[in-house]
Amino acid sequence: MKIHSASVIVTSPGRNFVTLKIVTDDGVYGIGDATLNGRELAVASYLNDHVIPCLIGRDPHQIEDIWQYLYKGAYWRRGPVTMAAIAAVDTALWDIKAKVAGLPLYQLLGGRSRAGVMVYAHANGRDVSETLDRVGEYIEKGYKAIRAQSGIPGLDGVYGVAKGKFYEPATKGLPQESTWSTERYLDFVPTLFEALRVKYGMEPHLLHDVHHRLTPIEAARLGKALEPYRLFWMEDPTPAENQEAFRLIRQHTVTPVAVGEVFNTIWDCKTLIEEQLIDYIRASLVHAGGITHLRRIADLAALYQIRTGSHGATDLSPVCMGAALHFDLWVPNFGIQEHMAHCPETDEVFPHAYSFKGGYMHPGEVPGHGVDIDEKLAAKYPYNPAYLPVARLEDGTLWNW
Ligand code: GCO
Ligand code: MG
């Protein structure tokens, strides 16, 4: 069996997605997600101009060798563009292998380790009372775990809070600017979680995303202040380029910490894992080199009782979601999977076998990863350039969004 051809499909059914399709000489095909929010065409070009020519004629079953060839063979290692491209190839090849075997992908990884994959939903509101309502709606729908974000008094346009009904941070045109104040945020967040625990009790798992906004000592303070509300996790409390920074957070709080949605390789989390500075590793299949590399990260994390909590925002396509659910069903040190529902247009372009029931998702039993792309429909949604916002402090200093 040989790789006969490969193509990149860029489509925007509600938001932009980049999808790689690899076709074999037997006519079997696999697809992989290569979406990098706000930098989509860089990955499309990397694939079209530099990766696809190297794939033609190779044996699609040699997933590991192809991974190493694209990683080591480029000489220039790591980085989000490279790793998203490698991930797309890897995911498409696992899809092909599983289709040829006639098995759902999780069976090739070692079979299922659990009955279903616990997912967390996103509840957000302009103020505490709206966030309380949204959390209540997700509890009604059966979710066991809910991430809560809220507008902050005195700030407009806070991370994670929708302007309309549907939260999507990337917007058309140049990046939007928002104002950030750590002082206002730190005073406010514990009041949100206090109100949530008063209203819903201790049972639902509650999560919160700090979105890289704090310094280590501020993150330590927040973690400590949130301890009475027993968060499932506090996410991205400070930027993680400096992994050692998390030592300081750990000295002060037992609130569990989750990091990694912007990581690309095992090197980004080596210290965090080996020194047990985090509790959940959030690397995603699409931005951290596909199943082949994510498995390596998860295995390292397992040595230290760190569990997975893969990124699953709407800027990861249903292809990533489907493949991630196979991974989650297998991975022994699974923690939780993020689930931010896609809009109906996206779901139509990417028909999928995965489903949700009672707080858990399942990848389905069809051979492969169970997600397809309707190319005719995809062509009706041309690329629509959009950027993520930036944040500035009240005095105008550029901050972390
Ligand atoms: C999350 C993330 C997202 C990111 C988005 C950036 O935890 O889901 O923080 O909301 O902001 O993926 O493109
Ligand atoms: Mg996040």
# chains A, B, ... in the order shown; residues from 1 in each chain; ligands from 1

$ residues_near_ligand --ligand "ligand 2" --cutoff "10 Å" --atoms "only C-alpha atoms and all ligand atoms" --output "compact mmCIF listing (two decimals) with N, CA, C and O atoms, in the first residue's frame"
# COMPACT_ATOMS: atom_id res chain seq x y z
N TYR A 159 -11.76 37.59 28.50
CA TYR A 159 -11.54 36.28 27.88
C TYR A 159 -12.65 35.30 28.26
O TYR A 159 -13.02 35.20 29.44
N GLY A 160 -13.14 34.58 27.26
CA GLY A 160 -14.05 33.47 27.53
C GLY A 160 -15.51 33.86 27.61
O GLY A 160 -16.37 33.00 27.73
N HIS A 208 -11.74 26.50 35.84
CA HIS A 208 -11.61 27.91 35.48
C HIS A 208 -10.32 28.12 34.67
O HIS A 208 -9.29 27.52 34.98
N ASP A 209 -10.43 28.95 33.62
CA ASP A 209 -9.28 29.24 32.75
C ASP A 209 -8.78 30.66 33.02
O ASP A 209 -9.51 31.62 32.77
N VAL A 210 -7.56 30.78 33.51
CA VAL A 210 -6.97 32.10 33.79
C VAL A 210 -6.39 32.70 32.50
O VAL A 210 -6.17 33.90 32.39
N HIS A 211 -6.17 31.85 31.52
CA HIS A 211 -5.70 32.25 30.19
C HIS A 211 -4.41 33.09 30.24
O HIS A 211 -4.33 34.16 29.64
N HIS A 212 -3.46 32.57 31.00
CA HIS A 212 -2.08 33.11 31.01
C HIS A 212 -1.97 34.54 31.54
O HIS A 212 -0.99 35.22 31.26
N MET A 234 -7.35 24.83 37.89
CA MET A 234 -7.11 26.23 37.53
C MET A 234 -6.17 26.13 36.31
O MET A 234 -5.09 25.56 36.39
N GLU A 235 -6.65 26.67 35.18
CA GLU A 235 -5.92 26.45 33.92
C GLU A 235 -5.03 27.64 33.56
O GLU A 235 -5.44 28.79 33.74
N ASP A 236 -3.88 27.34 32.99
CA ASP A 236 -2.95 28.36 32.46
C ASP A 236 -2.86 29.59 33.37
O ASP A 236 -3.08 30.72 32.92
N PRO A 237 -2.48 29.40 34.64
CA PRO A 237 -2.46 30.56 35.54
C PRO A 237 -1.40 31.59 35.17
O PRO A 237 -1.57 32.77 35.43
N ALA A 258 -3.69 23.00 35.53
CA ALA A 258 -3.71 22.40 34.18
C ALA A 258 -3.03 23.36 33.22
O ALA A 258 -3.32 24.55 33.23
N VAL A 259 -2.14 22.82 32.40
CA VAL A 259 -1.37 23.66 31.47
C VAL A 259 -1.13 22.88 30.18
O VAL A 259 -1.04 21.66 30.20
N GLY A 260 -1.01 23.60 29.07
CA GLY A 260 -0.47 22.91 27.88
C GLY A 260 -1.19 23.08 26.57
O GLY A 260 -0.76 22.51 25.57
N GLU A 261 -2.28 23.87 26.51
CA GLU A 261 -2.98 23.94 25.23
C GLU A 261 -2.14 24.57 24.13
O GLU A 261 -2.39 24.32 22.95
N VAL A 262 -1.14 25.38 24.48
CA VAL A 262 -0.29 25.95 23.41
C VAL A 262 1.02 25.17 23.24
O VAL A 262 1.86 25.57 22.45
N ARG A 282 -2.56 19.56 29.14
CA ARG A 282 -3.63 19.91 28.20
C ARG A 282 -3.21 19.92 26.73
O ARG A 282 -3.92 20.46 25.88
N SER A 310 -7.19 17.18 27.48
CA SER A 310 -6.89 17.78 26.17
C SER A 310 -7.76 18.97 25.83
O SER A 310 -8.97 18.97 26.06
N HIS A 311 -7.09 19.93 25.24
CA HIS A 311 -7.74 21.11 24.67
C HIS A 311 -8.80 20.66 23.67
O HIS A 311 -8.56 19.78 22.87
N GLY A 312 -9.96 21.29 23.72
CA GLY A 312 -11.03 20.91 22.78
C GLY A 312 -11.93 22.09 22.49
O GLY A 312 -13.15 21.97 22.50
N ALA A 313 -11.32 23.25 22.24
CA ALA A 313 -12.10 24.44 21.91
C ALA A 313 -12.62 24.33 20.48
O ALA A 313 -12.24 23.41 19.75
N GLU A 338 -11.92 18.54 27.16
CA GLU A 338 -12.70 19.76 26.94
C GLU A 338 -13.67 19.53 25.77
O GLU A 338 -13.31 18.95 24.76

$ residues_around --residues "Asp268 in chain A" --least-positions-apart "6" --cutoff "12 Å" --atoms "only C-alpha atoms" --output "list in words"
Arg78, Gly79, Pro80, Pro239, Ala240, Glu241, Asn242, Gln243, Glu244, Val259, Gly260, Glu261, Val262, Glu274, Ile281, Arg282, Ala283, His287, Ala288 and Ile297 of chain A

$ atom_distance --atom1 "CA of Lys270 in chain A" --atom2 "CA of Ala301 in chain A"
8.9 Å

$ residues_around --residues "range 247-251 of chain A" --least-positions-apart "3" --cutoff "12 Å" --atoms "only C-alpha atoms" --output "number ranges by chain"
A: 214-224, 234, 236-238, 240, 242-244, 254-257, 271-279

$ closest_residue --among "A:Pro332, A:Gly173, A:Gly396, A:Pro367" --to "Ser113 in chain A" --atoms "only C-alpha atoms"
A:Pro332

$ closest_residue --among "A:Val8, A:Glu168, A:Thr346, A:Ser178" --to "Asn400 in chain A" --atoms "only C-alpha atoms"
A:Ser178

$ residues_around --residues "Trp180 in chain A" --least-positions-apart "4" --cutoff "10 Å" --atoms "only C-alpha atoms" --output "list in words"
Ile152, Gly154, Leu155, Asp156, Gly157, Val158, Tyr159, Arg184, Tyr185, Arg213, Val390, Ala391, Arg392, Leu393, Glu394, Asp395, Gly396, Thr397, Leu398, Trp399, Asn400 and Trp401 of chain A

$ residues_around --residues "Gly102 in chain A" --least-positions-apart "2" --cutoff "10 Å" --atoms "only C-alpha atoms" --output "JSON, numbers by chain"
{"A": [96, 97, 98, 99, 100, 104, 105, 365, 366, 367, 368]}

$ select_by_dssp --residues "range 203-288 of chain A" --states "strand (DSSP E or B)" --output "ChimeraX atom specification"
/A:205-209,233-235,257-259,280-281

$ select_by_dssp --residues "range 65-206 of chain A" --states "alpha helix (DSSP H)" --output "NGL selection string"
:A and (65-72 or 80-101 or 105-109 or 128-141 or 182-200)

$ closest_residue --among "A:Leu285, A:Ala170, A:Leu55, A:Leu231" --to "ligand 1" --atoms "only C-alpha atoms and all ligand atoms"
A:Ala170

$ residues_around --residues "Ala87 in chain A" --least-positions-apart "2" --cutoff "8 Å" --atoms "only C-alpha atoms" --output "PDB file with all heavy atoms, in the first residue's frame"
ATOM      1  N   GLY A  32      -6.916  14.419   8.698  1.00  0.00           N
ATOM      2  CA  GLY A  32      -6.314  14.950   9.921  1.00  0.00           C
ATOM      3  C   GLY A  32      -6.562  16.446  10.009  1.00  0.00           C
ATOM      4  O   GLY A  32      -6.658  17.132   8.992  1.00  0.00           O
ATOM      5  N   ASP A  33      -6.664  16.937  11.238  1.00  0.00           N
ATOM      6  CA  ASP A  33      -6.887  18.367  11.472  1.00  0.00           C
ATOM      7  C   ASP A  33      -5.540  19.088  11.528  1.00  0.00           C
ATOM      8  O   ASP A  33      -4.610  18.616  12.191  1.00  0.00           O
ATOM      9  CB  ASP A  33      -7.635  18.539  12.806  1.00  0.00           C
ATOM     10  CG  ASP A  33      -7.983  19.985  13.128  1.00  0.00           C
ATOM     11  OD1 ASP A  33      -7.960  20.827  12.209  1.00  0.00           O
ATOM     12  OD2 ASP A  33      -8.294  20.272  14.307  1.00  0.00           O
ATOM     13  N   ALA A  34      -5.443  20.239  10.854  1.00  0.00           N
ATOM     14  CA  ALA A  34      -4.200  21.031  10.854  1.00  0.00           C
ATOM     15  C   ALA A  34      -4.509  22.489  11.179  1.00  0.00           C
ATOM     16  O   ALA A  34      -3.801  23.388  10.748  1.00  0.00           O
ATOM     17  CB  ALA A  34      -3.536  20.923   9.481  1.00  0.00           C
ATOM     18  N   MET A  83       4.384  21.426  13.948  1.00  0.00           N
ATOM     19  CA  MET A  83       3.769  20.332  14.702  1.00  0.00           C
ATOM     20  C   MET A  83       2.298  20.123  14.332  1.00  0.00           C
ATOM     21  O   MET A  83       1.806  18.995  14.390  1.00  0.00           O
ATOM     22  CB  MET A  83       3.940  20.550  16.207  1.00  0.00           C
ATOM     23  CG  MET A  83       5.404  20.554  16.659  1.00  0.00           C
ATOM     24  SD  MET A  83       6.408  19.144  16.082  1.00  0.00           S
ATOM     25  CE  MET A  83       5.739  17.813  17.074  1.00  0.00           C
ATOM     26  N   ALA A  84       1.606  21.211  13.942  1.00  0.00           N
ATOM     27  CA  ALA A  84       0.218  21.030  13.476  1.00  0.00           C
ATOM     28  C   ALA A  84       0.210  20.261  12.153  1.00  0.00           C
ATOM     29  O   ALA A  84      -0.654  19.407  11.919  1.00  0.00           O
ATOM     30  CB  ALA A  84      -0.479  22.381  13.325  1.00  0.00           C
ATOM     31  N   ALA A  85       1.192  20.553  11.300  1.00  0.00           N
ATOM     32  CA  ALA A  85       1.274  19.836  10.017  1.00  0.00           C
ATOM     33  C   ALA A  85       1.586  18.361  10.253  1.00  0.00           C
ATOM     34  O   ALA A  85       0.954  17.467   9.674  1.00  0.00           O
ATOM     35  CB  ALA A  85       2.340  20.482   9.126  1.00  0.00           C
ATOM     36  N   VAL A  89      -0.810  14.853   9.425  1.00  0.00           N
ATOM     37  CA  VAL A  89      -0.360  13.647   8.713  1.00  0.00           C
ATOM     38  C   VAL A  89      -0.568  12.434   9.623  1.00  0.00           C
ATOM     39  O   VAL A  89      -1.147  11.419   9.218  1.00  0.00           O
ATOM     40  CB  VAL A  89       1.137  13.765   8.323  1.00  0.00           C
ATOM     41  CG1 VAL A  89       1.648  12.449   7.734  1.00  0.00           C
ATOM     42  CG2 VAL A  89       1.357  14.927   7.347  1.00  0.00           C
ATOM     43  N   ASP A  90      -0.135  12.549  10.864  1.00  0.00           N
ATOM     44  CA  ASP A  90      -0.214  11.445  11.818  1.00  0.00           C
ATOM     45  C   ASP A  90      -1.666  10.979  12.018  1.00  0.00           C
ATOM     46  O   ASP A  90      -1.966   9.784  11.971  1.00  0.00           O
ATOM     47  CB  ASP A  90       0.391  11.908  13.146  1.00  0.00           C
ATOM     48  CG  ASP A  90       0.556  10.772  14.128  1.00  0.00           C
ATOM     49  OD1 ASP A  90       1.503   9.985  13.960  1.00  0.00           O
ATOM     50  OD2 ASP A  90      -0.284  10.654  15.043  1.00  0.00           O
ATOM     51  N   THR A  91      -2.563  11.954  12.213  1.00  0.00           N
ATOM     52  CA  THR A  91      -3.977  11.613  12.454  1.00  0.00           C
ATOM     53  C   THR A  91      -4.577  10.933  11.224  1.00  0.00           C
ATOM     54  O   THR A  91      -5.313   9.943  11.340  1.00  0.00           O
ATOM     55  CB  THR A  91      -4.774  12.890  12.801  1.00  0.00           C
ATOM     56  OG1 THR A  91      -4.111  13.569  13.873  1.00  0.00           O
ATOM     57  CG2 THR A  91      -6.199  12.570  13.212  1.00  0.00           C
ATOM     58  N   LEU A 285      -4.091  17.048  20.447  1.00  0.00           N
ATOM     59  CA  LEU A 285      -3.635  16.179  19.377  1.00  0.00           C
ATOM     60  C   LEU A 285      -3.166  16.981  18.165  1.00  0.00           C
ATOM     61  O   LEU A 285      -2.162  16.649  17.539  1.00  0.00           O
ATOM     62  CB  LEU A 285      -4.862  15.361  18.997  1.00  0.00           C
ATOM     63  CG  LEU A 285      -4.704  13.940  18.639  1.00  0.00           C
ATOM     64  CD1 LEU A 285      -5.679  13.133  19.444  1.00  0.00           C
ATOM     65  CD2 LEU A 285      -4.975  13.806  17.193  1.00  0.00           C
ATOM     66  N   VAL A 286      -3.851  18.079  17.858  1.00  0.00           N
ATOM     67  CA  VAL A 286      -3.512  18.814  16.640  1.00  0.00           C
ATOM     68  C   VAL A 286      -2.285  19.712  16.819  1.00  0.00           C
ATOM     69  O   VAL A 286      -1.522  19.896  15.886  1.00  0.00           O
ATOM     70  CB  VAL A 286      -4.727  19.603  16.080  1.00  0.00           C
ATOM     71  CG1 VAL A 286      -5.237  20.631  17.042  1.00  0.00           C
ATOM     72  CG2 VAL A 286      -4.394  20.301  14.769  1.00  0.00           C
ATOM     73  N   HIS A 287      -2.093  20.252  18.015  1.00  0.00           N
ATOM     74  CA  HIS A 287      -0.960  21.177  18.145  1.00  0.00           C
ATOM     75  C   HIS A 287       0.283  20.521  18.735  1.00  0.00           C
ATOM     76  O   HIS A 287       1.333  21.155  18.829  1.00  0.00           O
ATOM     77  CB  HIS A 287      -1.377  22.416  18.965  1.00  0.00           C
ATOM     78  CG  HIS A 287      -2.475  23.159  18.273  1.00  0.00           C
ATOM     79  ND1 HIS A 287      -3.601  23.618  18.897  1.00  0.00           N
ATOM     80  CD2 HIS A 287      -2.618  23.474  16.961  1.00  0.00           C
ATOM     81  CE1 HIS A 287      -4.400  24.189  18.000  1.00  0.00           C
ATOM     82  NE2 HIS A 287      -3.824  24.105  16.825  1.00  0.00           N
ATOM     83  N   ALA A 288       0.174  19.292  19.138  1.00  0.00           N
ATOM     84  CA  ALA A 288       1.326  18.605  19.736  1.00  0.00           C
ATOM     85  C   ALA A 288       1.655  17.311  18.983  1.00  0.00           C
ATOM     86  O   ALA A 288       1.957  16.281  19.586  1.00  0.00           O
ATOM     87  CB  ALA A 288       1.091  18.349  21.219  1.00  0.00           C
ATOM     88  N   GLY A 289       1.597  17.380  17.656  1.00  0.00           N
ATOM     89  CA  GLY A 289       2.171  16.292  16.860  1.00  0.00           C
ATOM     90  C   GLY A 289       1.362  15.026  16.696  1.00  0.00           C
ATOM     91  O   GLY A 289       1.921  13.989  16.332  1.00  0.00           O
ATOM     92  N   GLY A 290       0.050  15.101  16.951  1.00  0.00           N
ATOM     93  CA  GLY A 290      -0.806  13.947  16.653  1.00  0.00           C
ATOM     94  C   GLY A 290      -0.783  12.883  17.735  1.00  0.00           C
ATOM     95  O   GLY A 290      -0.214  13.053  18.814  1.00  0.00           O
ATOM     96  N   ILE A 291      -1.408  11.758  17.410  1.00  0.00           N
ATOM     97  CA  ILE A 291      -1.548  10.659  18.371  1.00  0.00           C
ATOM     98  C   ILE A 291      -0.175  10.127  18.772  1.00  0.00           C
ATOM     99  O   ILE A 291       0.089   9.856  19.948  1.00  0.00           O
ATOM    100  CB  ILE A 291      -2.412   9.538  17.753  1.00  0.00           C
ATOM    101  CG1 ILE A 291      -3.858  10.043  17.621  1.00  0.00           C
ATOM    102  CG2 ILE A 291      -2.343   8.257  18.567  1.00  0.00           C
ATOM    103  CD1 ILE A 291      -4.750   9.166  16.796  1.00  0.00           C
TER     104      ILE A 291
END

$ closest_residue --among "A:Arg230, A:His293, A:Arg58, A:Arg147" --to "ligand 1" --atoms "only C-alpha atoms and all ligand atoms"
A:Arg147

$ closest_residue --among "A:Thr82, A:Ser12, A:Ser355, A:Ser317" --to "ligand 1" --atoms "only C-alpha atoms and all ligand atoms"
A:Ser317

$ closest_residue --among "A:Pro318, A:Pro53, A:Gly364, A:Pro169" --to "ligand 1" --atoms "only C-alpha atoms and all ligand atoms"
A:Pro169

$ residues_around --residues "Cys54 in chain A" --least-positions-apart "3" --cutoff "10 Å" --atoms "only C-alpha atoms" --output "list in words"
Leu47, Asp49, His50, Val51, Gly57, Arg58, Ile66, Tyr69 and Leu70 of chain A

$ write_last_selection --atoms "N, CA, C and O atoms" --output "short mmCIF file (atom, residue, chain, number, x, y, z; two decimals), in the first residue's frame"
data_model
loop_
_atom_site.label_atom_id
_atom_site.label_comp_id
_atom_site.auth_asym_id
_atom_site.auth_seq_id
_atom_site.Cartn_x
_atom_site.Cartn_y
_atom_site.Cartn_z
N LEU A 47 2.13 22.33 4.59
CA LEU A 47 1.72 21.00 4.12
C LEU A 47 1.85 20.90 2.60
O LEU A 47 2.47 19.98 2.07
N ASP A 49 3.36 22.83 0.33
CA ASP A 49 4.63 23.14 -0.33
C ASP A 49 5.79 22.27 0.15
O ASP A 49 6.74 22.07 -0.59
N HIS A 50 5.69 21.79 1.40
CA HIS A 50 6.88 21.12 1.95
C HIS A 50 6.65 19.70 2.45
O HIS A 50 7.61 18.94 2.54
N VAL A 51 5.42 19.35 2.83
CA VAL A 51 5.21 18.02 3.42
C VAL A 51 4.64 17.04 2.39
O VAL A 51 5.18 15.93 2.21
N GLY A 57 4.08 8.11 -2.34
CA GLY A 57 4.82 6.87 -2.56
C GLY A 57 5.21 6.14 -1.28
O GLY A 57 5.63 4.99 -1.32
N ARG A 58 5.08 6.80 -0.12
CA ARG A 58 5.44 6.12 1.13
C ARG A 58 4.35 5.13 1.57
O ARG A 58 3.19 5.29 1.21
N ILE A 66 7.29 7.80 9.45
CA ILE A 66 6.90 9.06 8.77
C ILE A 66 6.94 10.22 9.76
O ILE A 66 7.39 11.32 9.46
N TYR A 69 10.51 11.10 10.30
CA TYR A 69 11.03 11.68 9.06
C TYR A 69 10.64 13.16 8.96
O TYR A 69 11.45 14.01 8.61
N LEU A 70 9.38 13.45 9.30
CA LEU A 70 8.92 14.85 9.20
C LEU A 70 9.48 15.71 10.32
O LEU A 70 9.71 16.91 10.15
#

$ atom_distance --atom1 "CA of Ile56 in chain A" --atom2 "CA of Ala44 in chain A"
16.9 Å

$ atom_distance --atom1 "CA of Val349 in chain A" --atom2 "CA of Asn16 in chain A"
11.8 Å

$ closest_atom_pairs --of "range 34-150 of chain A" --to "range 198-202 of chain A" --cutoff "10 Å" --atoms "only C-alpha atoms" --output "Markdown table"
| residue | atom | partner | partner_atom | distance |
| --- | --- | --- | --- | --- |
| A:Leu132 | CA | A:Lys199 | CA | 7.9 |
| A:Val135 | CA | A:Tyr200 | CA | 8.9 |
| A:Gly136 | CA | A:Tyr200 | CA | 7.9 |
| A:Ile139 | CA | A:Tyr200 | CA | 9.1 |
